[in-house]
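Here the structure is laid out as structure tokens; the discussion comes afterwards.
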Amino acid sequence: MKLLIAGDLDLAIKVRAGLHLPDGMARSASPRLRLWIRRGGTLTVAAHDRLGLRRAAALGAAAALLSPVFATPSHPGAKPLGLLAFRRLARAPNDR
């Protein structure tokens with residue numbers, strides 16, 4: 001089991017945890033984050049579309065969390081993917 005810290009690289013390093021980045025933070029990943037990943041840091045990234053999945057792959061993320069599938073109060077106003085789009089994106093080749 002791996003503890004993931006959301007959005008705080010310094011804290012993740014301090015407690016020797018993995019890091020989870022929201023989609024917006026993944027868009028502006030720092031060279032320091034990239035170095036941490038190359039040195040074995042575990043990264044997961046939130047993705048909301050094909051571009052988000054590509055971004056996660058380019059960063060070398062161990063996993064991308066693809067969401068939201070359904071409408072959710074945590075993302076008010078966000079258009080949900082729906083089951084068909086989620087399935088299509090989840091099954092796409094790794095070269096997204």
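To be explicit about the labels: the chains of the structure tokens are called A, B, and onward in the order shown, and within each one the residues are counted from 1, while ligands get numbers from 1 in the order they are shown.
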### Query
Got a sec to tell me which of chain A DSSP assigns to strand (DSSP E or B), as number ranges by chain?
A: 4-6, 18-21, 43-47, 63-66
#### Entry: Test item: residues at most 8 Å from Val69 of chain A, only C-alpha atoms, excluding those fewer than 3 positions along its chain, as a VMD selection string
chain A and resid 66 80 to 83 86
Would you export the selected residues with N, CA and C atoms as a PDB file, in the first residue's frame, please?
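Generated output (again.pdb):
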ATOM      1  N   LEU A  66      -9.218   8.662 -14.092  1.00  0.00           N
ATOM      2  CA  LEU A  66     -10.097   9.239 -15.105  1.00  0.00           C
ATOM      3  C   LEU A  66     -11.486   9.473 -14.519  1.00  0.00           C
ATOM      4  N   PRO A  80     -19.882  15.374 -17.070  1.00  0.00           N
ATOM      5  CA  PRO A  80     -19.384  14.020 -16.828  1.00  0.00           C
ATOM      6  C   PRO A  80     -19.064  13.313 -18.137  1.00  0.00           C
ATOM      7  N   LEU A  81     -18.153  12.358 -18.071  1.00  0.00           N
ATOM      8  CA  LEU A  81     -17.760  11.608 -19.257  1.00  0.00           C
ATOM      9  C   LEU A  81     -18.886  10.704 -19.759  1.00  0.00           C
ATOM     10  N   GLY A  82     -19.603  10.095 -18.837  1.00  0.00           N
ATOM     11  CA  GLY A  82     -20.570   9.072 -19.209  1.00  0.00           C
ATOM     12  C   GLY A  82     -19.854   7.746 -19.405  1.00  0.00           C
ATOM     13  N   LEU A  83     -20.615   6.678 -19.370  1.00  0.00           N
ATOM     14  CA  LEU A  83     -20.016   5.339 -19.440  1.00  0.00           C
ATOM     15  C   LEU A  83     -19.332   5.047 -20.773  1.00  0.00           C
ATOM     16  N   PHE A  86     -16.048   7.056 -21.067  1.00  0.00           N
ATOM     17  CA  PHE A  86     -15.083   6.506 -20.113  1.00  0.00           C
ATOM     18  C   PHE A  86     -14.495   5.202 -20.656  1.00  0.00           C
TER      19      PHE A  86
END
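Each of A:Lys79, A:Arg27, A:Arg39, A:Arg87 was checked against Leu59 of chain A using only C-alpha atoms; the smallest atom-to-atom distance is that of A:Arg27.
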### Query
Out of chain A, which residues get alpha helix (DSSP H) from DSSP, as an NGL selection string?
:A and (9-14 or 23-26 or 31-38 or 50-59 or 82-91)
Expected file: the selected residues, N, CA and C atoms, as a JSON list (two decimals), in the first residue's frame:
[["chain", "number", "residue", "atom", "x", "y", "z"],
["A", 9, "LEU", "N", 4.25, 18.40, -3.18],
["A", 9, "LEU", "CA", 5.48, 17.63, -3.40],
["A", 9, "LEU", "C", 6.38, 17.66, -2.17],
["A", 10, "ASP", "N", 6.53, 18.81, -1.54],
["A", 10, "ASP", "CA", 7.40, 18.89, -0.36],
["A", 10, "ASP", "C", 6.95, 17.93, 0.74],
["A", 11, "LEU", "N", 5.66, 17.89, 1.00],
["A", 11, "LEU", "CA", 5.14, 16.98, 2.02],
["A", 11, "LEU", "C", 5.32, 15.52, 1.60],
["A", 12, "ALA", "N", 5.08, 15.22, 0.34],
["A", 12, "ALA", "CA", 5.27, 13.86, -0.15],
["A", 12, "ALA", "C", 6.71, 13.41, 0.05],
["A", 13, "ILE", "N", 7.65, 14.28, -0.23],
["A", 13, "ILE", "CA", 9.06, 13.96, -0.03],
["A", 13, "ILE", "C", 9.35, 13.77, 1.46],
["A", 14, "LYS", "N", 8.85, 14.67, 2.27],
["A", 14, "LYS", "CA", 9.11, 14.64, 3.71],
["A", 14, "LYS", "C", 8.62, 13.34, 4.36],
["A", 23, "ASP", "N", -5.59, 17.68, -12.12],
["A", 23, "ASP", "CA", -5.34, 17.97, -13.53],
["A", 23, "ASP", "C", -4.68, 19.33, -13.73],
["A", 24, "GLY", "N", -5.17, 20.35, -13.06],
["A", 24, "GLY", "CA", -4.61, 21.69, -13.23],
["A", 24, "GLY", "C", -3.16, 21.79, -12.83],
["A", 25, "MET", "N", -2.77, 21.10, -11.77],
["A", 25, "MET", "CA", -1.37, 21.13, -11.33],
["A", 25, "MET", "C", -0.47, 20.34, -12.28],
["A", 26, "ALA", "N", -1.01, 19.29, -12.88],
["A", 26, "ALA", "CA", -0.22, 18.48, -13.81],
["A", 26, "ALA", "C", 0.12, 19.28, -15.07],
["A", 31, "PRO", "N", 10.28, 21.16, -13.20],
["A", 31, "PRO", "CA", 11.44, 20.29, -13.41],
["A", 31, "PRO", "C", 11.78, 19.50, -12.14],
["A", 32, "ARG", "N", 11.54, 20.10, -10.99],
["A", 32, "ARG", "CA", 11.80, 19.41, -9.72],
["A", 32, "ARG", "C", 10.91, 18.17, -9.59],
["A", 33, "LEU", "N", 9.66, 18.27, -9.99],
["A", 33, "LEU", "CA", 8.76, 17.12, -9.97],
["A", 33, "LEU", "C", 9.27, 16.04, -10.91],
["A", 34, "ARG", "N", 9.68, 16.43, -12.08],
["A", 34, "ARG", "CA", 10.18, 15.46, -13.07],
["A", 34, "ARG", "C", 11.42, 14.74, -12.55],
["A", 35, "LEU", "N", 12.31, 15.46, -11.87],
["A", 35, "LEU", "CA", 13.49, 14.85, -11.27],
["A", 35, "LEU", "C", 13.09, 13.85, -10.18],
["A", 36, "TRP", "N", 12.14, 14.23, -9.33],
["A", 36, "TRP", "CA", 11.66, 13.36, -8.27],
["A", 36, "TRP", "C", 11.10, 12.06, -8.85],
["A", 37, "ILE", "N", 10.36, 12.16, -9.95],
["A", 37, "ILE", "CA", 9.81, 10.97, -10.60],
["A", 37, "ILE", "C", 10.94, 10.10, -11.13],
["A", 38, "ARG", "N", 11.92, 10.71, -11.80],
["A", 38, "ARG", "CA", 13.06, 9.95, -12.33],
["A", 38, "ARG", "C", 13.82, 9.23, -11.22],
["A", 50, "ARG", "N", -8.95, 12.98, -22.90],
["A", 50, "ARG", "CA", -7.80, 12.37, -23.59],
["A", 50, "ARG", "C", -6.51, 13.17, -23.35],
["A", 51, "LEU", "N", -6.60, 14.48, -23.36],
["A", 51, "LEU", "CA", -5.42, 15.31, -23.13],
["A", 51, "LEU", "C", -4.85, 15.07, -21.72],
["A", 52, "GLY", "N", -5.71, 14.94, -20.74],
["A", 52, "GLY", "CA", -5.26, 14.66, -19.39],
["A", 52, "GLY", "C", -4.55, 13.32, -19.29],
["A", 53, "LEU", "N", -5.05, 12.32, -20.03],
["A", 53, "LEU", "CA", -4.38, 11.03, -20.05],
["A", 53, "LEU", "C", -3.01, 11.13, -20.73],
["A", 54, "ARG", "N", -2.93, 11.89, -21.79],
["A", 54, "ARG", "CA", -1.64, 12.11, -22.46],
["A", 54, "ARG", "C", -0.65, 12.80, -21.53],
["A", 55, "ARG", "N", -1.15, 13.79, -20.79],
["A", 55, "ARG", "CA", -0.31, 14.53, -19.86],
["A", 55, "ARG", "C", 0.23, 13.60, -18.77],
["A", 56, "ALA", "N", -0.63, 12.74, -18.24],
["A", 56, "ALA", "CA", -0.20, 11.78, -17.21],
["A", 56, "ALA", "C", 0.89, 10.86, -17.76],
["A", 57, "ALA", "N", 0.69, 10.37, -18.97],
["A", 57, "ALA", "CA", 1.69, 9.48, -19.59],
["A", 57, "ALA", "C", 3.00, 10.22, -19.81],
["A", 58, "ALA", "N", 2.93, 11.46, -20.29],
["A", 58, "ALA", "CA", 4.14, 12.24, -20.55],
["A", 58, "ALA", "C", 4.92, 12.51, -19.26],
["A", 59, "LEU", "N", 4.22, 12.65, -18.16],
["A", 59, "LEU", "CA", 4.89, 12.88, -16.88],
["A", 59, "LEU", "C", 5.46, 11.60, -16.29],
["A", 82, "GLY", "N", -19.60, 10.10, -18.84],
["A", 82, "GLY", "CA", -20.57, 9.07, -19.21],
["A", 82, "GLY", "C", -19.85, 7.75, -19.41],
["A", 83, "LEU", "N", -20.62, 6.68, -19.37],
["A", 83, "LEU", "CA", -20.02, 5.34, -19.44],
["A", 83, "LEU", "C", -19.33, 5.05, -20.77],
["A", 84, "LEU", "N", -19.94, 5.45, -21.88],
["A", 84, "LEU", "CA", -19.35, 5.14, -23.19],
["A", 84, "LEU", "C", -18.03, 5.86, -23.41],
["A", 85, "ALA", "N", -17.97, 7.14, -23.09],
["A", 85, "ALA", "CA", -16.72, 7.89, -23.26],
["A", 85, "ALA", "C", -15.64, 7.36, -22.30],
["A", 86, "PHE", "N", -16.05, 7.06, -21.07],
["A", 86, "PHE", "CA", -15.08, 6.51, -20.11],
["A", 86, "PHE", "C", -14.50, 5.20, -20.66],
["A", 87, "ARG", "N", -15.37, 4.34, -21.14],
["A", 87, "ARG", "CA", -14.90, 3.06, -21.67],
["A", 87, "ARG", "C", -13.96, 3.26, -22.85],
["A", 88, "ARG", "N", -14.32, 4.16, -23.76],
["A", 88, "ARG", "CA", -13.49, 4.43, -24.93],
["A", 88, "ARG", "C", -12.11, 4.94, -24.51],
["A", 89, "LEU", "N", -12.08, 5.89, -23.58],
["A", 89, "LEU", "CA", -10.80, 6.44, -23.13],
["A", 89, "LEU", "C", -9.98, 5.43, -22.34],
["A", 90, "ALA", "N", -10.65, 4.65, -21.50],
["A", 90, "ALA", "CA", -9.94, 3.66, -20.68],
["A", 90, "ALA", "C", -9.35, 2.55, -21.52],
["A", 91, "ARG", "N", -9.96, 2.25, -22.65],
["A", 91, "ARG", "CA", -9.48, 1.17, -23.51],
["A", 91, "ARG", "C", -8.53, 1.63, -24.60]]
### Task
Mind checking which residues fall within 10 Å of Leu19 of chain A, counting only C-alpha atoms, ignoring those fewer than 2 positions away in the same chain, and posting them as a VMD selection string?
chain A and resid 2 to 13 16 to 17 21 to 22 33 37 41 to 45 61
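Put simply, atom CA of Val15 of chain A is 29.1 Å away from atom CA of Pro68 of chain A.
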